[in-house]
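Student: To be precise about what I am sending: the file is called model.cif and holds mmCIF, C-alpha atoms and all ligand atoms.
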```cif
data_query
loop_
_atom_site.label_atom_id
_atom_site.label_comp_id
_atom_site.auth_asym_id
_atom_site.auth_seq_id
_atom_site.Cartn_x
_atom_site.Cartn_y
_atom_site.Cartn_z
CA MET A 1 20.46 139.10 113.50
CA SER A 2 22.12 142.03 111.71
CA ASN A 3 24.03 142.72 114.94
CA ASP A 4 25.28 139.14 114.89
CA LEU A 5 26.38 139.51 111.30
CA ALA A 6 28.14 142.80 112.00
CA GLU A 7 29.96 141.27 114.96
CA HIS A 8 30.96 138.24 112.91
CA LEU A 9 32.37 140.38 110.11
CA LYS A 10 34.12 142.65 112.60
CA TYR A 11 35.79 139.66 114.20
CA PHE A 12 36.97 138.25 110.90
CA SER A 13 38.34 141.62 109.92
CA GLU A 14 40.11 141.90 113.28
CA ILE A 15 41.67 138.47 112.97
CA GLY A 16 42.96 139.28 109.53
CA VAL A 17 40.55 137.57 107.13
CA SER A 18 40.63 139.80 104.12
CA GLY A 19 36.98 139.71 103.03
CA VAL A 20 34.12 137.96 101.38
CA SER A 21 32.88 138.13 97.83
CA ARG A 22 29.53 138.34 96.06
CA ASP A 23 30.97 136.18 93.30
CA PRO A 24 28.82 133.00 93.07
CA ALA A 25 32.01 130.99 92.44
CA TRP A 26 33.28 132.07 95.85
CA ARG A 27 30.10 130.91 97.55
CA LYS A 28 30.34 127.57 95.75
CA ARG A 29 33.39 126.67 97.85
CA THR A 30 31.06 125.85 100.74
CA ASP A 31 30.23 122.69 98.81
CA PRO A 32 32.40 119.85 100.20
CA ALA A 33 32.96 118.58 96.69
CA SER A 34 34.58 121.87 95.73
CA ALA A 35 36.53 122.42 98.95
CA SER A 36 40.06 123.69 98.57
CA PRO A 37 42.67 121.20 97.44
CA ALA A 38 44.98 119.45 99.86
CA GLY A 39 47.24 121.77 101.79
CA ASP A 40 45.49 124.86 100.51
CA ALA A 41 44.29 125.96 103.92
CA GLU A 42 45.41 129.51 103.21
CA ALA A 43 43.08 129.79 100.23
CA ALA A 44 40.04 128.52 102.12
CA SER A 45 38.00 130.99 104.09
CA PRO A 46 36.90 129.91 107.58
CA GLU A 47 33.50 128.96 106.26
CA THR A 48 34.62 126.96 103.26
CA LEU A 49 35.64 123.73 104.94
CA PRO A 50 32.91 121.26 105.78
CA VAL A 51 32.86 120.42 109.46
CA GLU A 52 33.29 116.70 108.72
CA THR A 53 36.60 117.51 107.06
CA LEU A 54 37.90 119.01 110.28
CA LEU A 55 36.41 116.36 112.52
CA GLY A 56 37.83 113.56 110.42
CA PRO A 57 37.05 109.88 110.54
CA ARG A 58 37.19 109.39 114.30
CA VAL A 59 33.54 108.60 114.77
CA THR A 60 33.68 105.30 116.61
CA GLU A 61 32.63 105.22 120.23
CA THR A 62 35.42 102.90 121.27
CA ALA A 63 39.11 103.66 120.92
CA PRO A 64 41.21 101.30 118.77
CA GLY A 65 41.98 98.09 120.65
CA GLY A 66 38.67 98.23 122.48
CA ASP A 67 39.80 100.72 125.14
CA VAL A 68 37.24 102.08 127.55
CA LYS A 69 35.30 104.95 126.06
CA ALA A 70 36.72 108.41 126.61
CA ASP A 71 33.45 109.69 128.04
CA THR A 72 33.50 106.97 130.70
CA VAL A 73 37.11 107.73 131.62
CA LEU A 74 36.35 111.45 131.88
CA ALA A 75 33.23 110.85 133.96
CA GLU A 76 35.20 108.61 136.34
CA LEU A 77 37.98 111.18 136.56
CA LYS A 78 35.49 113.89 137.47
CA VAL A 79 34.14 111.70 140.24
CA GLU A 80 37.68 110.93 141.43
CA ILE A 81 38.51 114.64 141.71
CA GLY A 82 35.22 115.16 143.49
CA PRO A 83 33.14 118.30 143.89
CA ASP A 84 35.02 119.45 147.01
CA CYS A 85 38.63 118.67 146.12
CA THR A 86 41.07 119.67 148.86
CA ARG A 87 44.31 118.47 147.23
CA CYS A 88 45.66 122.03 147.22
CA LYS A 89 45.18 125.22 149.19
CA LEU A 90 42.77 126.81 146.66
CA ALA A 91 39.95 124.91 148.35
CA GLY A 92 40.40 127.22 151.33
CA LEU A 93 40.98 130.37 149.32
CA GLY A 94 37.45 131.15 148.21
CA ARG A 95 36.89 129.07 145.10
CA ARG A 96 33.25 128.16 144.60
CA GLN A 97 33.65 124.94 142.65
CA VAL A 98 35.96 122.66 140.70
CA VAL A 99 35.81 123.51 136.98
CA PHE A 100 36.53 120.20 135.30
CA GLY A 101 36.46 120.56 131.52
CA VAL A 102 33.87 120.65 128.77
CA GLY A 103 33.26 119.41 125.27
CA ASN A 104 33.47 116.33 123.14
CA PRO A 105 35.26 113.47 124.94
CA ARG A 106 36.56 112.29 121.56
CA ALA A 107 37.50 115.72 120.25
CA ARG A 108 40.38 115.91 117.81
CA LEU A 109 41.10 119.43 118.97
CA MET A 110 41.67 120.39 122.59
CA PHE A 111 42.29 123.81 124.15
CA VAL A 112 44.19 124.17 127.41
CA GLY A 113 44.00 127.40 129.39
CA GLU A 114 45.46 128.48 132.70
CA ALA A 115 42.80 128.43 135.42
CA PRO A 116 39.14 129.34 135.88
CA GLY A 117 38.35 133.01 136.36
CA GLU A 118 35.42 134.50 138.21
CA ASP A 119 32.76 133.65 135.59
CA GLU A 120 34.05 130.10 135.24
CA ASP A 121 34.12 129.71 139.02
CA LYS A 122 30.47 130.80 139.14
CA GLN A 123 29.26 128.72 136.21
CA GLY A 124 31.45 125.63 136.59
CA GLU A 125 32.58 125.66 132.96
CA PRO A 126 35.93 126.74 131.46
CA PHE A 127 36.11 129.83 129.26
CA VAL A 128 32.62 131.28 129.64
CA GLY A 129 33.59 134.89 130.49
CA ARG A 130 34.72 137.57 128.05
CA ALA A 131 37.90 135.71 127.14
CA GLY A 132 35.82 132.57 126.73
CA GLN A 133 33.42 134.30 124.36
CA LEU A 134 36.38 135.30 122.24
CA LEU A 135 37.69 131.72 122.36
CA THR A 136 34.29 130.55 121.11
CA LYS A 137 34.63 132.88 118.12
CA ILE A 138 38.13 131.62 117.45
CA ILE A 139 36.82 128.04 117.45
CA GLU A 140 33.95 129.02 115.16
CA ALA A 141 36.39 130.75 112.81
CA ILE A 142 37.63 127.28 111.77
CA SER A 143 34.06 126.03 111.37
CA LEU A 144 33.90 124.11 114.64
CA SER A 145 31.71 124.66 117.68
CA ARG A 146 32.54 124.53 121.37
CA ASP A 147 30.84 121.18 121.77
CA GLN A 148 32.97 119.62 119.04
CA VAL A 149 36.25 120.44 120.80
CA TYR A 150 37.41 119.81 124.36
CA ILE A 151 38.34 122.69 126.68
CA ALA A 152 40.20 122.39 129.98
CA ASN A 153 42.63 124.29 132.18
CA VAL A 154 45.96 123.44 133.77
CA ILE A 155 44.33 123.88 137.19
CA LYS A 156 40.65 123.40 137.99
CA CYS A 157 40.03 125.94 140.72
CA ARG A 158 40.09 129.73 140.60
CA PRO A 159 43.12 131.33 142.25
CA PRO A 160 42.13 134.30 144.44
CA GLY A 161 42.09 137.60 142.54
CA ASN A 162 42.99 135.71 139.35
CA ARG A 163 46.63 135.50 140.38
CA ASN A 164 48.83 132.99 138.59
CA PRO A 165 48.55 129.42 139.84
CA GLU A 166 51.39 128.55 142.20
CA PRO A 167 53.74 125.58 141.71
CA ASP A 168 52.18 123.45 144.48
CA GLU A 169 48.70 124.05 143.00
CA VAL A 170 49.91 123.06 139.55
CA ALA A 171 51.66 119.98 140.93
CA ALA A 172 48.48 118.84 142.68
CA CYS A 173 46.17 119.47 139.73
CA GLU A 174 48.03 118.93 136.44
CA PRO A 175 48.05 115.11 136.67
CA PHE A 176 44.28 115.34 136.15
CA LEU A 177 44.79 117.44 133.02
CA PHE A 178 47.27 114.85 131.72
CA ARG A 179 44.68 112.15 132.28
CA GLN A 180 42.06 114.24 130.47
CA ILE A 181 44.43 114.60 127.52
CA ASP A 182 45.18 110.87 127.54
CA ALA A 183 41.46 110.08 127.63
CA VAL A 184 40.50 112.44 124.81
CA ARG A 185 43.61 111.68 122.70
CA PRO A 186 43.27 114.85 120.60
CA ARG A 187 45.18 115.23 117.35
CA VAL A 188 45.96 118.86 118.18
CA ILE A 189 46.29 120.68 121.49
CA VAL A 190 46.19 124.48 121.45
CA ALA A 191 47.92 125.83 124.55
CA LEU A 192 46.38 129.19 125.37
CA GLY A 193 48.91 131.71 126.60
CA LYS A 194 52.23 131.77 128.34
CA PHE A 195 51.22 129.99 131.51
CA ALA A 196 49.62 126.90 129.93
CA THR A 197 52.33 126.63 127.28
CA GLN A 198 55.19 126.89 129.75
CA CYS A 199 53.54 124.42 132.11
CA LEU A 200 52.83 121.80 129.48
CA LEU A 201 56.20 122.09 127.76
CA ARG A 202 58.18 122.46 130.99
CA THR A 203 59.95 125.53 129.70
CA ALA A 204 60.54 129.10 130.79
CA ASP A 205 60.81 130.37 127.21
CA PRO A 206 58.58 133.39 126.56
CA ILE A 207 55.35 132.85 124.65
CA THR A 208 56.63 135.18 121.93
CA ARG A 209 59.39 132.61 121.23
CA LEU A 210 57.14 129.54 121.59
CA ARG A 211 54.26 130.80 119.44
CA GLY A 212 54.61 130.01 115.77
CA LYS A 213 56.21 126.65 116.54
CA GLU A 214 54.74 123.15 116.80
CA PHE A 215 55.62 120.56 119.45
CA GLU A 216 54.95 116.86 119.84
CA TYR A 217 53.12 116.40 123.12
CA ARG A 218 51.47 113.27 124.56
CA GLY A 219 50.69 111.94 121.10
CA ALA A 220 49.33 115.26 119.83
CA THR A 221 50.71 118.27 118.02
CA LEU A 222 50.82 121.13 120.49
CA ILE A 223 50.40 124.61 119.10
CA PRO A 224 51.05 127.50 121.49
CA THR A 225 49.08 130.65 120.87
CA PHE A 226 48.17 133.84 122.68
CA HIS A 227 45.58 133.70 125.47
CA PRO A 228 42.19 135.20 124.52
CA ALA A 229 42.42 137.49 127.58
CA TYR A 230 45.62 138.91 126.07
CA LEU A 231 43.79 139.40 122.77
CA LEU A 232 41.14 141.46 124.57
CA ARG A 233 43.90 143.79 125.75
CA ASN A 234 45.86 143.63 122.53
CA PRO A 235 43.47 143.09 119.55
CA PRO A 236 46.14 143.28 116.81
CA ALA A 237 47.55 139.98 118.12
CA LYS A 238 44.38 138.29 116.80
CA ARG A 239 46.14 138.09 113.45
CA GLU A 240 48.80 135.80 114.85
CA VAL A 241 46.17 133.65 116.53
CA TRP A 242 44.41 133.38 113.20
CA GLU A 243 47.67 132.17 111.62
CA ASP A 244 47.91 129.55 114.37
CA MET A 245 44.30 128.47 113.87
CA LYS A 246 44.85 128.05 110.14
CA LYS A 247 47.72 125.70 111.03
CA VAL A 248 45.38 123.79 113.36
CA ARG A 249 42.81 123.54 110.61
CA ALA A 250 45.39 122.31 108.11
CA ILE A 251 46.60 119.57 110.48
CA LEU A 252 43.06 118.36 111.20
CA GLN A 253 42.19 118.50 107.54
CA ALA A 254 45.31 116.62 106.41
CA ASP A 255 44.80 114.00 109.11
CA SER A 256 41.25 113.29 108.00
CA ARG A 257 42.24 112.33 104.47
CA PRO A 258 42.32 108.65 103.57
N1 LIG A 301 41.17 131.93 131.46
C1 LIG A 301 41.65 130.67 131.49
O1 LIG A 301 42.84 130.43 131.36
N2 LIG A 301 40.76 129.69 131.68
C2 LIG A 301 39.45 129.90 131.82
O2 LIG A 301 38.72 128.93 131.95
C3 LIG A 301 39.00 131.22 131.77
C4 LIG A 301 39.86 132.22 131.59
#
```
Using structure tokens, write down the structure that the file contains.

Tutor:
Amino acid sequence: MSNDLAEHLKYFSEIGVSGVSRDPAWRKRTDPASASPAGDAEAASPETLPVETLLGPRVTETAPGGDVKADTVLAELKVEIGPDCTRCKLAGLGRRQVVFGVGNPRARLMFVGEAPGEDEDKQGEPFVGRAGQLLTKIIEAISLSRDQVYIANVIKCRPPGNRNPEPDEVAACEPFLFRQIDAVRPRVIVALGKFATQCLLRTADPITRLRGKEFEYRGATLIPTFHPAYLLRNPPAKREVWEDMKKVRAILQADSRP
């Protein structure tokens, strides 16, 4: 328990949150009624916003206009891809399984990474290794949990030796990601790292130039940020990711207001 707390505080300090206070007035901000005023995302600590504020009003099971439910579409898509997909050469290059995507089919926030790594290939779920554990903390830093967001990758099979996905592999696989995005219809997409950002935005611009900007993408606001694996190698960059996540939080919060 105290280890958990120490790790939590260490993470917040690493990502640039300046501290907590013993002042009872500070604690009071956890009360939804006293949450920070509109647009004051900077003033709110990660724990101060009620989860409902970030999740917003999208609680209905059926999309507007009576569309088929997102969970049905995703389940059908998973079946269509199949457990032994051979649409690209990765099937013959040692991948154990197709890693589809995970989370809330109606999430308002979606994360898109590059490709499964070794842990994901073993467990069949995106972002479960060390980088994934850091991503989980990043999600929790804006008071959400993994099962409230949706997480997927540009390609669904592990490239050998964790090399970058190749253009033919991306071409075969990314239409399924697009269909996942169109099924979930998130308000915000966070593109994790250079590869996912460049793929989605069809650009060769470096991540250092793309990060810090917002893009309109398939009906969502796309926010590029650094990949958690990069953060493991370069911890000071967590501050920039925290800036990006505060932007994400502000968009979700603003969107949930009547
Ligand atoms: N890196 C990614 O881009 N995706 C994963 O699922 C895991 C690590």

Student: Neighbours of ligand LIG 301 (chain A) within 12 Å, counting all atoms listed in the file, as a PyMOL selection string?

Tutor: chain A and resi 98-102+111-136+150-159+162-165+191-197+226-232

Student: Please indicate the distance in Å from CA of Ile81 in chain A to CA of Phe176 in chain A, rounded to one decimal place.

Tutor: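 Straight-line distance from CA of Ile81 in chain A to CA of Phe176 in chain A works out to 8.0 Å.
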
Student: Counting all atoms listed in the file, which of A:Asp84, A:Ala250, A:Phe178, A:Met245 gets nearest to Arg96 in chain A?

Tutor: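 Nearest candidate to Arg96 in chain A out of A:Asp84, A:Ala250, A:Phe178, A:Met245: A:Asp84.
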
Student: Would you please work out which residue, of A:Arg249, A:Pro83, A:Leu222, A:Gln180, is nearest to Leu200 in chain A when using all atoms listed in the file?

Tutor: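 Comparing A:Arg249, A:Pro83, A:Leu222, A:Gln180 against Leu200 in chain A, the winner is A:Leu222.
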
Student: Which value, in Å to one decimal, gives the distance between CA of Lys89 in chain A and CA of Val170 in chain A?

Tutor: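 Separating CA of Lys89 in chain A from CA of Val170 in chain A is a distance of 11.0 Å.
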
Student: When you draw a straight line from CA of Ile223 in chain A to CA of Val190 in chain A, how long is it in Å?

Tutor: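 CA of Val190 in chain A lies at a distance of 4.8 Å from CA of Ile223 in chain A.
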
Student: I want to know what sits within 10 Å of Val73 in chain A, based on all atoms listed in the file, with residues of the same chain fewer than 3 positions away left out; could you give that as number ranges by chain?

Tutor: A: 67-70, 76-79, 105, 179-180, 182-184

Student: For the point (57.8, 128.2, 124.1) in file coordinates, what residues are within 8 Å, counting all atoms listed in the file? Give the answer as a list in words?

Tutor: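 These residues have at least one counted atom within 8 Å: Lys194, Thr197, Gln198, Leu201, Thr203, Ala204, Asp205, Pro206, Ile207, Thr208, Arg209, Leu210, Arg211, Lys213 and Pro224 of chain A.
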
Student: Name the closest residue to Ala171 in chain A among the candidates A:Gly94, A:Cys199, A:Ser143, A:Leu74; distances are taken between atoms, counting only C-alpha atoms.

Tutor: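 Closest to Ala171 in chain A of all the choices is A:Cys199.
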
Student: Given the choices A:Arg95, A:Arg185, A:Arg202, A:Arg146, which gets closest to Pro160 in chain A if the distance is worked out from all atoms listed in the file?

Tutor: A:Arg95
